[in-house]
$ cat protein_19.tsv   # TSV, C-alpha atoms
chain	number	residue	atom	x	y	z
A	1	MET	CA	73.02	80.80	128.78
A	2	VAL	CA	74.64	78.36	126.39
A	3	PRO	CA	72.13	75.51	127.01
A	4	VAL	CA	69.18	77.88	126.55
A	5	ALA	CA	70.67	79.38	123.38
A	6	ARG	CA	71.47	75.92	122.01
A	7	ARG	CA	67.95	74.68	122.75
A	8	ASN	CA	66.40	77.68	121.00
A	9	LEU	CA	68.47	77.03	117.88
A	10	LEU	CA	68.00	73.26	117.82
A	11	ALA	CA	64.25	73.66	117.98
A	12	GLU	CA	64.55	74.16	114.18
A	13	PRO	CA	67.61	72.07	113.16
A	14	GLY	CA	66.95	72.43	109.44
A	15	ARG	CA	67.03	76.20	109.69
A	16	VAL	CA	70.24	76.09	111.74
A	17	VAL	CA	71.91	73.90	109.12
A	18	MET	CA	70.95	76.33	106.37
A	19	SER	CA	72.12	79.26	108.47
A	20	VAL	CA	75.48	77.69	109.21
A	21	GLY	CA	75.78	76.90	105.49
A	22	GLY	CA	75.04	80.52	104.60
A	23	VAL	CA	77.72	81.83	106.97
A	24	ALA	CA	80.15	79.18	105.71
A	25	PHE	CA	79.48	80.27	102.12
A	26	ALA	CA	80.26	83.87	103.04
A	27	VAL	CA	83.50	82.79	104.78
A	28	VAL	CA	84.55	80.67	101.79
A	29	LEU	CA	83.86	83.58	99.45
A	30	VAL	CA	85.95	85.98	101.52
A	31	LEU	CA	88.84	83.54	102.02
A	32	ILE	CA	89.02	82.52	98.36
A	33	VAL	CA	88.98	86.15	97.21
A	34	LEU	CA	91.67	87.06	99.75
A	35	GLY	CA	93.72	84.05	98.69
A	36	LEU	CA	93.35	85.00	95.04
A	37	TYR	CA	94.46	88.53	95.83
A	38	ARG	CA	97.50	87.26	97.74
A	39	GLY	CA	98.34	84.85	94.94
A	40	TRP	CA	98.21	87.50	92.23
A	41	GLY	CA	100.23	89.90	94.32
A	42	GLY	CA	102.83	87.17	94.86
A	43	VAL	CA	103.49	86.85	91.13
A	44	ALA	CA	106.05	89.65	91.42
A	45	THR	CA	108.08	87.91	94.12
A	46	PHE	CA	110.17	86.15	91.48
A	47	PHE	CA	112.07	89.47	91.06
A	48	THR	CA	113.48	89.07	94.56
A	49	ARG	CA	114.37	85.40	93.99
A	50	LEU	CA	116.51	85.99	90.90
A	51	PRO	CA	120.31	85.83	91.42
A	52	GLY	CA	120.84	89.58	91.81
A	53	GLN	CA	119.69	92.62	93.75
A	54	VAL	CA	120.14	95.63	91.44
A	55	TRP	CA	118.69	96.14	87.95
A	56	VAL	CA	120.13	98.45	85.31
A	57	ALA	CA	117.61	99.35	82.60
A	58	GLN	CA	117.03	101.81	79.83
A	59	SER	CA	115.76	105.13	81.14
A	60	GLY	CA	111.99	105.12	81.63
A	61	SER	CA	111.64	101.40	82.30
A	62	SER	CA	109.17	100.78	85.13
A	63	ASP	CA	109.68	97.00	85.37
A	64	PRO	CA	110.83	94.14	83.11
A	65	LEU	CA	107.30	92.94	82.33
A	66	HIS	CA	105.58	96.14	81.27
A	67	THR	CA	108.18	98.23	79.46
A	68	THR	CA	110.79	97.63	76.79
A	69	SER	CA	114.44	98.16	77.63
A	70	LEU	CA	117.45	97.85	75.32
A	71	LEU	CA	121.02	98.50	76.44
A	72	PRO	CA	124.38	98.00	74.69
A	73	ALA	CA	125.82	94.64	75.70
A	74	GLY	CA	129.25	96.29	76.08
A	75	GLY	CA	128.15	98.06	79.26
A	76	ARG	CA	128.63	94.84	81.18
A	77	ALA	CA	132.39	95.32	81.64
A	78	ALA	CA	132.02	98.74	83.27
A	79	LEU	CA	129.35	97.46	85.62
A	80	ALA	CA	131.42	94.43	86.63
A	81	ARG	CA	134.26	96.74	87.74
A	82	ILE	CA	132.10	98.60	90.26
A	83	PRO	CA	133.27	97.93	93.87
A	84	GLY	CA	130.82	95.64	95.62
A	85	VAL	CA	129.56	93.94	92.44
A	86	ALA	CA	130.14	90.18	92.40
A	87	ALA	CA	128.69	89.67	88.92
A	88	ALA	CA	127.06	91.78	86.20
A	89	MET	CA	124.63	89.49	84.37
A	90	PRO	CA	122.87	90.28	81.09
A	91	VAL	CA	119.12	89.73	81.16
A	92	TYR	CA	117.02	89.17	78.04
A	93	VAL	CA	113.26	89.66	78.28
A	94	ARG	CA	110.49	89.74	75.71
A	95	GLN	CA	106.82	88.86	75.60
A	96	MET	CA	106.17	86.56	72.65
A	97	GLU	CA	104.10	83.69	71.41
A	98	VAL	CA	105.34	80.24	72.28
A	99	ASP	CA	104.19	76.96	70.78
A	100	ALA	CA	100.46	76.93	69.94
A	101	GLY	CA	99.75	80.66	70.20
A	102	GLU	CA	100.28	80.99	73.95
A	103	ARG	CA	101.83	84.31	75.02
A	104	ALA	CA	104.49	84.35	77.72
A	105	PHE	CA	107.25	86.53	79.08
A	106	VAL	CA	110.43	84.75	77.96
A	107	MET	CA	113.41	85.62	80.14
A	108	ALA	CA	117.06	84.57	80.25
A	109	VAL	CA	119.67	85.48	82.88
A	110	GLY	CA	123.30	85.17	81.85
A	111	ALA	CA	124.65	84.04	85.21
A	112	PRO	CA	128.25	82.77	85.33
A	113	ALA	CA	128.41	78.99	85.52
A	114	ARG	CA	130.43	79.10	88.74
A	115	ALA	CA	128.50	81.91	90.42
A	116	ALA	CA	127.60	81.12	94.02
A	117	MET	CA	123.83	80.91	94.46
A	118	PRO	CA	121.27	78.59	96.06
A	119	ALA	CA	120.49	75.41	94.15
A	120	ALA	CA	116.80	76.39	94.19
A	121	THR	CA	117.62	79.55	92.23
A	122	ARG	CA	119.40	77.63	89.48
A	123	GLU	CA	116.59	75.08	89.30
A	124	ALA	CA	113.92	77.79	88.99
A	125	PHE	CA	115.57	80.27	86.61
A	126	LEU	CA	118.69	78.88	84.92
A	127	PRO	CA	118.01	75.99	82.52
A	128	ALA	CA	120.70	74.23	80.52
A	129	PRO	CA	121.26	75.22	76.87
A	130	GLY	CA	118.49	73.90	74.66
A	131	HIS	CA	116.08	73.72	77.59
A	132	VAL	CA	113.30	75.87	79.03
A	133	ILE	CA	111.70	76.19	82.46
A	134	VAL	CA	107.99	77.12	82.41
A	135	ASP	CA	105.44	77.93	85.10
A	136	SER	CA	102.47	75.68	85.75
A	137	SER	CA	99.99	77.96	83.97
A	138	LEU	CA	101.98	77.99	80.73
A	139	ALA	CA	102.60	74.24	80.98
A	140	ALA	CA	98.88	73.59	81.32
A	141	GLN	CA	97.88	75.91	78.49
A	142	ALA	CA	100.55	74.59	76.12
A	143	GLY	CA	99.95	71.00	77.21
A	144	VAL	CA	103.59	70.26	78.02
A	145	SER	CA	105.42	68.52	80.84
A	146	PRO	CA	109.11	67.87	81.58
A	147	GLY	CA	110.76	66.20	78.62
A	148	ASP	CA	108.35	67.62	76.04
A	149	THR	CA	109.34	70.09	73.32
A	150	LEU	CA	108.21	73.72	73.35
A	151	MET	CA	108.82	76.14	70.47
A	152	VAL	CA	110.30	79.39	71.81
A	153	ALA	CA	111.44	82.15	69.43
A	154	GLY	CA	111.36	79.64	66.59
A	155	ARG	CA	113.58	77.16	68.41
A	156	PRO	CA	112.51	73.76	69.75
A	157	LEU	CA	113.49	73.64	73.42
A	158	THR	CA	113.09	70.76	75.83
A	159	VAL	CA	111.00	71.48	78.93
A	160	GLU	CA	113.44	70.97	81.78
A	161	ARG	CA	111.13	71.77	84.67
A	162	VAL	CA	107.65	73.08	85.53
A	163	THR	CA	107.55	75.53	88.45
A	164	ALA	CA	104.60	76.57	90.57
A	165	GLY	CA	102.69	79.79	89.91
A	166	GLY	CA	101.87	81.89	86.90
A	167	ASN	CA	98.54	82.92	85.41
A	168	ARG	CA	97.16	83.66	81.97
A	169	LEU	CA	98.23	87.32	82.12
A	170	PHE	CA	101.77	86.72	83.41
A	171	GLN	CA	103.01	83.38	82.13
A	172	LEU	CA	106.76	82.97	82.48
A	173	ALA	CA	109.34	80.91	80.60
A	174	PHE	CA	113.06	80.93	81.41
A	175	VAL	CA	115.60	79.95	78.76
A	176	ASN	CA	119.38	79.75	78.73
A	177	ALA	CA	121.22	82.97	77.84
A	178	ALA	CA	122.96	81.19	74.94
A	179	ASP	CA	119.54	80.51	73.37
A	180	ALA	CA	118.37	84.09	73.96
A	181	ARG	CA	121.19	86.09	72.39
A	182	GLY	CA	120.14	87.46	69.02
A	183	THR	CA	116.64	85.94	69.26
A	184	ILE	CA	114.81	87.53	72.18
A	185	VAL	CA	116.58	90.87	71.58
A	186	PRO	CA	118.78	92.07	68.69
A	187	ALA	CA	122.42	91.00	68.59
A	188	GLY	CA	124.72	93.23	70.60
A	189	ARG	CA	121.91	94.32	72.90
A	190	VAL	CA	120.54	93.19	76.24
A	191	SER	CA	117.28	94.06	77.95
A	192	PHE	CA	118.75	94.66	81.40
A	193	PHE	CA	121.79	94.05	83.53
A	194	LEU	CA	121.24	92.31	86.86
A	195	LEU	CA	123.95	92.99	89.43
A	196	ALA	CA	124.73	90.46	92.14
A	197	LEU	CA	126.27	92.25	95.13
A	198	ARG	CA	129.03	91.02	97.39
A	199	PRO	CA	128.12	90.41	101.05
A	200	GLY	CA	128.13	93.70	102.92
A	201	ALA	CA	128.14	95.86	99.79
A	202	ASP	CA	126.34	99.21	99.99
A	203	ALA	CA	123.51	98.90	97.48
A	204	ARG	CA	122.99	102.66	97.21
A	205	ARG	CA	126.63	103.30	96.35
A	206	VAL	CA	126.55	100.53	93.76
A	207	MET	CA	123.41	102.02	92.22
A	208	ALA	CA	125.01	105.47	92.02
A	209	ALA	CA	128.10	104.00	90.36
A	210	ALA	CA	125.92	102.04	87.92
A	211	ARG	CA	124.17	105.22	86.82
A	212	ALA	CA	127.56	106.79	86.14
A	213	ALA	CA	128.83	103.71	84.27
A	214	VAL	CA	125.80	103.45	81.95
A	215	PRO	CA	124.59	106.87	80.74
A	216	ASP	CA	120.81	107.48	80.78
A	217	ALA	CA	120.22	104.27	82.71
A	218	GLU	CA	117.41	103.56	85.14
A	219	VAL	CA	118.74	101.72	88.22
A	220	ARG	CA	116.34	99.99	90.57
A	221	THR	CA	116.48	97.27	93.20
A	222	SER	CA	114.65	93.97	92.80
A	223	ALA	CA	112.39	94.96	95.71
A	224	GLU	CA	111.46	98.21	93.93
A	225	TYR	CA	110.52	96.33	90.75
A	226	ALA	CA	108.47	93.85	92.78
A	227	GLY	CA	106.72	96.73	94.54
A	228	ALA	CA	105.92	98.49	91.25
A	229	PHE	CA	104.45	95.30	89.84
A	230	GLY	CA	102.47	94.73	93.04
A	231	ARG	CA	100.97	98.21	92.82
A	232	LEU	CA	99.71	97.47	89.32
A	233	VAL	CA	97.97	94.37	90.66
A	234	ASN	CA	96.50	96.34	93.54
A	235	GLN	CA	95.12	99.06	91.29
A	236	GLY	CA	93.42	96.56	89.00
A	237	PHE	CA	92.35	93.95	91.52
A	238	LEU	CA	91.86	95.65	94.90
A	239	PRO	CA	88.51	97.35	94.03
A	240	VAL	CA	87.10	93.96	92.97
A	241	VAL	CA	88.37	92.38	96.17
A	242	GLY	CA	86.81	95.12	98.27
A	243	ALA	CA	83.42	94.70	96.60
A	244	LEU	CA	83.40	90.93	97.02
A	245	LEU	CA	84.52	91.18	100.65
A	246	ALA	CA	81.70	93.61	101.35
A	247	ILE	CA	79.21	91.25	99.71
A	248	GLY	CA	80.49	88.34	101.80
A	249	ALA	CA	80.23	90.35	105.02
A	250	VAL	CA	76.67	91.46	104.21
A	251	VAL	CA	75.59	87.92	103.30
A	252	GLY	CA	77.07	86.44	106.47
A	253	GLY	CA	75.63	89.17	108.70
A	254	ALA	CA	72.19	88.89	107.13
A	255	VAL	CA	72.11	85.11	107.56
A	256	VAL	CA	73.09	85.31	111.23
A	257	ALA	CA	70.64	88.14	111.92
A	258	ILE	CA	67.69	86.38	110.26
A	259	THR	CA	68.36	83.08	112.01
A	260	THR	CA	68.85	84.66	115.43
A	261	TYR	CA	65.77	86.83	114.97
A	262	ALA	CA	63.63	83.85	113.97
A	263	ALA	CA	64.89	81.78	116.91
A	264	THR	CA	64.12	84.66	119.27
A	265	VAL	CA	60.64	85.38	117.93
A	266	GLU	CA	59.61	81.72	117.94
A	267	ARG	CA	60.75	81.37	121.56
A	268	ALA	CA	59.15	84.63	122.67
A	269	ARG	CA	57.02	82.76	125.25
A	270	ASP	CA	60.14	81.24	126.81
A	271	PHE	CA	61.76	84.67	127.06
A	272	GLY	CA	58.53	85.96	128.59
A	273	VAL	CA	58.73	83.22	131.25
A	274	LEU	CA	62.28	84.24	132.07
A	275	LYS	CA	61.20	87.86	132.34
A	276	ALA	CA	58.27	86.90	134.56
A	277	LEU	CA	60.66	85.00	136.82
A	278	GLY	CA	62.74	88.14	137.18
A	279	ALA	CA	65.53	87.48	134.71
A	280	PRO	CA	67.26	90.81	133.97
A	281	GLY	CA	67.34	92.15	130.43
A	282	ARG	CA	71.13	91.76	130.33
A	283	LEU	CA	70.80	88.00	130.80
A	284	LEU	CA	68.29	87.69	127.99
A	285	ALA	CA	70.47	89.82	125.74
A	286	ARG	CA	73.44	87.55	126.45
A	287	ILE	CA	71.38	84.51	125.46
A	288	VAL	CA	70.63	86.12	122.10
A	289	VAL	CA	74.31	87.04	121.62
A	290	VAL	CA	75.33	83.44	122.40
A	291	GLN	CA	72.84	82.20	119.78
A	292	SER	CA	74.45	84.43	117.20
A	293	LEU	CA	77.95	83.40	118.24
A	294	LEU	CA	77.08	79.69	118.02
A	295	ILE	CA	75.97	80.16	114.42
A	296	GLY	CA	78.98	82.35	113.66
A	297	VAL	CA	81.50	79.90	115.16
A	298	ALA	CA	79.97	76.90	113.39
A	299	GLY	CA	79.78	78.75	110.06
A	300	ALA	CA	83.33	80.09	110.35
A	301	ALA	CA	84.72	76.64	111.16
A	302	VAL	CA	82.90	74.97	108.27
A	303	GLY	CA	83.81	77.79	105.89
A	304	ALA	CA	87.50	77.81	106.82
A	305	GLY	CA	87.77	74.05	106.42
A	306	THR	CA	85.95	74.15	103.09
A	307	ALA	CA	88.18	76.95	101.75
A	308	ALA	CA	91.31	75.02	102.77
A	309	ILE	CA	90.08	72.04	100.72
A	310	VAL	CA	88.55	73.88	97.76
A	311	ALA	CA	91.40	76.33	96.99
A	312	PRO	CA	94.13	73.71	96.33
A	313	ALA	CA	91.70	71.51	94.40
A	314	VAL	CA	90.65	74.36	92.12
A	315	ARG	CA	94.26	75.39	91.60
A	316	ARG	CA	95.20	71.88	90.53
A	317	ALA	CA	92.33	71.87	88.03
A	318	VAL	CA	92.88	75.48	86.88
A	319	PRO	CA	96.58	76.44	87.30
A	320	GLU	CA	95.96	80.13	86.58
A	321	PHE	CA	93.68	80.28	89.63
A	322	VAL	CA	96.56	81.44	91.83
A	323	THR	CA	95.61	81.40	95.50
A	324	ASP	CA	97.67	81.88	98.63
A	325	LEU	CA	95.67	81.10	101.78
A	326	ARG	CA	97.39	82.36	104.92
A	327	TRP	CA	96.74	81.61	108.56
A	328	THR	CA	96.71	85.32	109.36
A	329	ASP	CA	93.94	85.89	106.81
A	330	LEU	CA	92.00	82.89	108.10
A	331	LEU	CA	92.16	84.13	111.70
A	332	ALA	CA	91.20	87.65	110.62
A	333	VAL	CA	88.18	86.39	108.67
A	334	VAL	CA	87.03	84.22	111.61
A	335	ALA	CA	87.39	87.20	113.96
A	336	VAL	CA	85.40	89.47	111.64
A	337	THR	CA	82.74	86.78	111.27
A	338	LEU	CA	82.27	86.65	115.05
A	339	VAL	CA	82.11	90.44	115.26
A	340	VAL	CA	79.44	90.46	112.54
A	341	ALA	CA	77.58	87.71	114.40
A	342	VAL	CA	77.49	89.82	117.57
A	343	ALA	CA	76.41	92.90	115.62
A	344	ALA	CA	73.66	90.83	113.99
A	345	SER	CA	72.13	90.15	117.41
A	346	VAL	CA	71.17	93.80	117.91
A	347	VAL	CA	67.76	93.49	116.23
A	348	PRO	CA	66.74	90.31	118.14
A	349	ILE	CA	67.82	91.94	121.41
A	350	GLN	CA	65.55	94.88	120.70
A	351	ARG	CA	62.75	92.38	120.05
A	352	ILE	CA	63.06	90.63	123.42
A	353	ASN	CA	63.26	93.97	125.21
A	354	ARG	CA	59.72	94.63	123.96
A	355	ILE	CA	58.34	91.25	125.07
A	356	ASP	CA	55.58	91.62	127.64
A	357	PRO	CA	55.92	89.05	130.47
A	358	ALA	CA	52.11	88.84	130.50
A	359	VAL	CA	52.34	86.83	127.24
A	360	VAL	CA	53.10	83.81	129.45
A	361	PHE	CA	49.59	83.88	130.95
A	362	ARG	CA	47.68	84.18	127.67
A	363	PRO	CA	45.75	81.07	126.66

$ encode --input "protein_19.tsv" --output "structure tokens"
Amino acid sequence: MVPVARRNLLAEPGRVVMSVGGVAFAVVLVLIVLGLYRGWGGVATFFTRLPGQVWVAQSGSSDPLHTTSLLPAGGRAALARIPGVAAAMPVYVRQMEVDAGERAFVMAVGAPARAAMPAATREAFLPAPGHVIVDSSLAAQAGVSPGDTLMVAGRPLTVERVTAGGNRLFQLAFVNAADARGTIVPAGRVSFFLLALRPGADARRVMAAARAAVPDAEVRTSAEYAGAFGRLVNQGFLPVVGALLAIGAVVGGAVVAITTYAATVERARDFGVLKALGAPGRLLARIVVVQSLLIGVAGAAVGAGTAAIVAPAVRRAVPEFVTDLRWTDLLAVVAVTLVVAVAASVVPIQRINRIDPAVVFRP
């Protein structure tokens, strides 16, 4: 079956190349859109990487990036005394213009200097006084790199490090708590408290005690804030993703169906010979399915390889193009492509079922 199917397709190599290219284009489209969706959804993961697990906010605050929260700075002492709390850290957050008109969420976490935490956490979120850590999107838009000066809240700060991620809607800059007090929020106030828990501490009990320690406070876990942020991304982005995925599937299926149909029609005499020799309809149908699968496999392979090359290159050129290509998504897209390829063979199969073996004996 495979040699016959391959011969039918290679009878028109130019058409096969265009067909494989069409399927590859559809695969690239689907993978890039999925990667973009994953990348945007991953913006919120920084909540879970900060040096704390429980957030204390002003009542009604949904997450630190979409609502304003102001709490008395004096509440820190009561929170630090809660059993199971290793550290109660003030957090200052505000969206503001930095440098040449770029808007960013400026955040500072007042972590104790000797607090135990991974080195990667300090490097990503806790700059030294007079310094700022920015994401790659903000760095590109403001035209800064490590060692350059960036104006934040009217203060010139030295760019300590540029981290991966960010996009034009959610650009992030982390400053030292000493530079944030009285500038990002009014003096005597904090935006949030971030509680670092001791190993084995019961998070629910700590949250209940935090609500009692700070009247009218909203207490959430980092995971809950990340989930709330992710839902906002889903609501705004998921319908677009669904539409583009549907377009990609239709394009890929149409390309495979047209190519397989053309290869079948043009080789109708050969199929008639096989029928005249007694070949069962199931055998002929399998040949058509193999033709479709050959195009689908080739297109999926080319498309997956192209997406793996294009996505990082585009991200380097356009930092806000946040993509996260995953092997699970790649395998799922390849599997769907092959299913579509098989489904696309239905029309050609119906065509060969109507072929009259007598066509072989016509002049």

$ residues_around --input "protein_19.tsv" --residues "Leu138 in chain A" --least-positions-apart "2" --cutoff "8 Å" --atoms "only C-alpha atoms" --output "CSV table (one decimal) with C-alpha atoms, keeping the file's coordinate frame"
chain,number,residue,atom,x,y,z
A,102,GLU,CA,100.3,81.0,74.0
A,104,ALA,CA,104.5,84.4,77.7
A,134,VAL,CA,108.0,77.1,82.4
A,135,ASP,CA,105.4,77.9,85.1
A,136,SER,CA,102.5,75.7,85.8
A,140,ALA,CA,98.9,73.6,81.3
A,141,GLN,CA,97.9,75.9,78.5
A,142,ALA,CA,100.6,74.6,76.1
A,166,GLY,CA,101.9,81.9,86.9
A,167,ASN,CA,98.5,82.9,85.4
A,168,ARG,CA,97.2,83.7,82.0
A,171,GLN,CA,103.0,83.4,82.1
A,172,LEU,CA,106.8,83.0,82.5
A,173,ALA,CA,109.3,80.9,80.6

$ atom_distance --input "protein_19.tsv" --atom1 "CA of Val106 in chain A" --atom2 "CA of Phe192 in chain A"
13.4 Å

$ residues_around --input "protein_19.tsv" --residues "range 243-247 of chain A" --least-positions-apart "6" --cutoff "8 Å" --atoms "all atoms listed in the file" --output "PyMOL selection string"
chain A and resi 29-30+33

$ write_last_selection --input "protein_19.tsv" --atoms "C-alpha atoms" --output "mmCIF file, in the frame of the given file"
data_model
loop_
_atom_site.group_PDB
_atom_site.id
_atom_site.type_symbol
_atom_site.label_atom_id
_atom_site.label_comp_id
_atom_site.auth_asym_id
_atom_site.auth_seq_id
_atom_site.Cartn_x
_atom_site.Cartn_y
_atom_site.Cartn_z
ATOM 1 C CA LEU A 29 83.860 83.580 99.450
ATOM 2 C CA VAL A 30 85.950 85.980 101.520
ATOM 3 C CA VAL A 33 88.980 86.150 97.210
#

$ atom_distance --input "protein_19.tsv" --atom1 "CA of Pro13 in chain A" --atom2 "CA of Ala276 in chain A"
27.7 Å

$ atom_distance --input "protein_19.tsv" --atom1 "CA of Thr163 in chain A" --atom2 "CA of Ala119 in chain A"
14.1 Å

$ residues_around --input "protein_19.tsv" --residues "Val333 in chain A" --least-positions-apart "3" --cutoff "9 Å" --atoms "all atoms listed in the file" --output "PyMOL selection string"
chain A and resi 27+30-31+300+304+328-330+336-338

$ residues_near_point --input "protein_19.tsv" --point "(114.0, 98.6, 74.2)" --cutoff "12 Å" --atoms "all atoms listed in the file" --output "JSON list (two decimals) with C-alpha atoms, in the frame of the given file"
[["chain", "number", "residue", "atom", "x", "y", "z"],
["A", 57, "ALA", "CA", 117.61, 99.35, 82.60],
["A", 58, "GLN", "CA", 117.03, 101.81, 79.83],
["A", 59, "SER", "CA", 115.76, 105.13, 81.14],
["A", 60, "GLY", "CA", 111.99, 105.12, 81.63],
["A", 61, "SER", "CA", 111.64, 101.40, 82.30],
["A", 64, "PRO", "CA", 110.83, 94.14, 83.11],
["A", 65, "LEU", "CA", 107.30, 92.94, 82.33],
["A", 66, "HIS", "CA", 105.58, 96.14, 81.27],
["A", 67, "THR", "CA", 108.18, 98.23, 79.46],
["A", 68, "THR", "CA", 110.79, 97.63, 76.79],
["A", 69, "SER", "CA", 114.44, 98.16, 77.63],
["A", 70, "LEU", "CA", 117.45, 97.85, 75.32],
["A", 71, "LEU", "CA", 121.02, 98.50, 76.44],
["A", 72, "PRO", "CA", 124.38, 98.00, 74.69],
["A", 92, "TYR", "CA", 117.02, 89.17, 78.04],
["A", 93, "VAL", "CA", 113.26, 89.66, 78.28],
["A", 94, "ARG", "CA", 110.49, 89.74, 75.71],
["A", 184, "ILE", "CA", 114.81, 87.53, 72.18],
["A", 185, "VAL", "CA", 116.58, 90.87, 71.58],
["A", 186, "PRO", "CA", 118.78, 92.07, 68.69],
["A", 189, "ARG", "CA", 121.91, 94.32, 72.90],
["A", 190, "VAL", "CA", 120.54, 93.19, 76.24],
["A", 191, "SER", "CA", 117.28, 94.06, 77.95],
["A", 192, "PHE", "CA", 118.75, 94.66, 81.40],
["A", 217, "ALA", "CA", 120.22, 104.27, 82.71]]

$ closest_residue --input "protein_19.tsv" --among "A:Leu126, A:Val98, A:Ala178, A:Val241" --to "Met151 in chain A" --atoms "all atoms listed in the file"
A:Val98

$ closest_residue --input "protein_19.tsv" --among "A:Gly188, A:Arg155, A:Leu195, A:Thr183" --to "Ala210 in chain A" --atoms "all atoms listed in the file"
A:Leu195

$ residues_around --input "protein_19.tsv" --residues "range 339-352 of chain A" --least-positions-apart "4" --cutoff "7 Å" --atoms "all atoms listed in the file" --output "PyMOL selection string"
chain A and resi 253+256-257+260-261+264+285+288-289+292-293+296+335

$ write_last_selection --input "protein_19.tsv" --atoms "C-alpha atoms" --output "PDB file, in the coordinates of the input"
ATOM      1  CA  GLY A 253      75.630  89.170 108.700  1.00  0.00           C
ATOM      2  CA  VAL A 256      73.090  85.310 111.230  1.00  0.00           C
ATOM      3  CA  ALA A 257      70.640  88.140 111.920  1.00  0.00           C
ATOM      4  CA  THR A 260      68.850  84.660 115.430  1.00  0.00           C
ATOM      5  CA  TYR A 261      65.770  86.830 114.970  1.00  0.00           C
ATOM      6  CA  THR A 264      64.120  84.660 119.270  1.00  0.00           C
ATOM      7  CA  ALA A 285      70.470  89.820 125.740  1.00  0.00           C
ATOM      8  CA  VAL A 288      70.630  86.120 122.100  1.00  0.00           C
ATOM      9  CA  VAL A 289      74.310  87.040 121.620  1.00  0.00           C
ATOM     10  CA  SER A 292      74.450  84.430 117.200  1.00  0.00           C
ATOM     11  CA  LEU A 293      77.950  83.400 118.240  1.00  0.00           C
ATOM     12  CA  GLY A 296      78.980  82.350 113.660  1.00  0.00           C
ATOM     13  CA  ALA A 335      87.390  87.200 113.960  1.00  0.00           C
TER      14      ALA A 335
END

$ closest_residue --input "protein_19.tsv" --among "A:Ile32, A:Val251, A:Ala308, A:Leu194" --to "Gly75 in chain A" --atoms "all atoms listed in the file"
A:Leu194

$ residues_around --input "protein_19.tsv" --residues "Arg286 in chain A" --least-positions-apart "4" --cutoff "9 Å" --atoms "all atoms listed in the file" --output "ChimeraX atom specification"
/A:1,281-282,290-291,349

$ write_last_selection --input "protein_19.tsv" --atoms "C-alpha atoms" --output "PDB file, in the coordinates of the input"
ATOM      1  CA  MET A   1      73.020  80.800 128.780  1.00  0.00           C
ATOM      2  CA  GLY A 281      67.340  92.150 130.430  1.00  0.00           C
ATOM      3  CA  ARG A 282      71.130  91.760 130.330  1.00  0.00           C
ATOM      4  CA  VAL A 290      75.330  83.440 122.400  1.00  0.00           C
ATOM      5  CA  GLN A 291      72.840  82.200 119.780  1.00  0.00           C
ATOM      6  CA  ILE A 349      67.820  91.940 121.410  1.00  0.00           C
TER       7      ILE A 349
END

$ residues_near_point --input "protein_19.tsv" --point "(98.9, 83.6, 97.7)" --cutoff "6 Å" --atoms "all atoms listed in the file" --output "short mmCIF file (atom, residue, chain, number, x, y, z; two decimals) with C-alpha atoms, in the coordinates of the input"
data_model
loop_
_atom_site.label_atom_id
_atom_site.label_comp_id
_atom_site.auth_asym_id
_atom_site.auth_seq_id
_atom_site.Cartn_x
_atom_site.Cartn_y
_atom_site.Cartn_z
CA GLY A 35 93.72 84.05 98.69
CA ARG A 38 97.50 87.26 97.74
CA GLY A 39 98.34 84.85 94.94
CA THR A 323 95.61 81.40 95.50
CA ASP A 324 97.67 81.88 98.63
CA LEU A 325 95.67 81.10 101.78
#

$ closest_residue --input "protein_19.tsv" --among "A:Asn353, A:Ala196, A:Thr259, A:Ala226" --to "Gly272 in chain A" --atoms "all atoms listed in the file"
A:Asn353
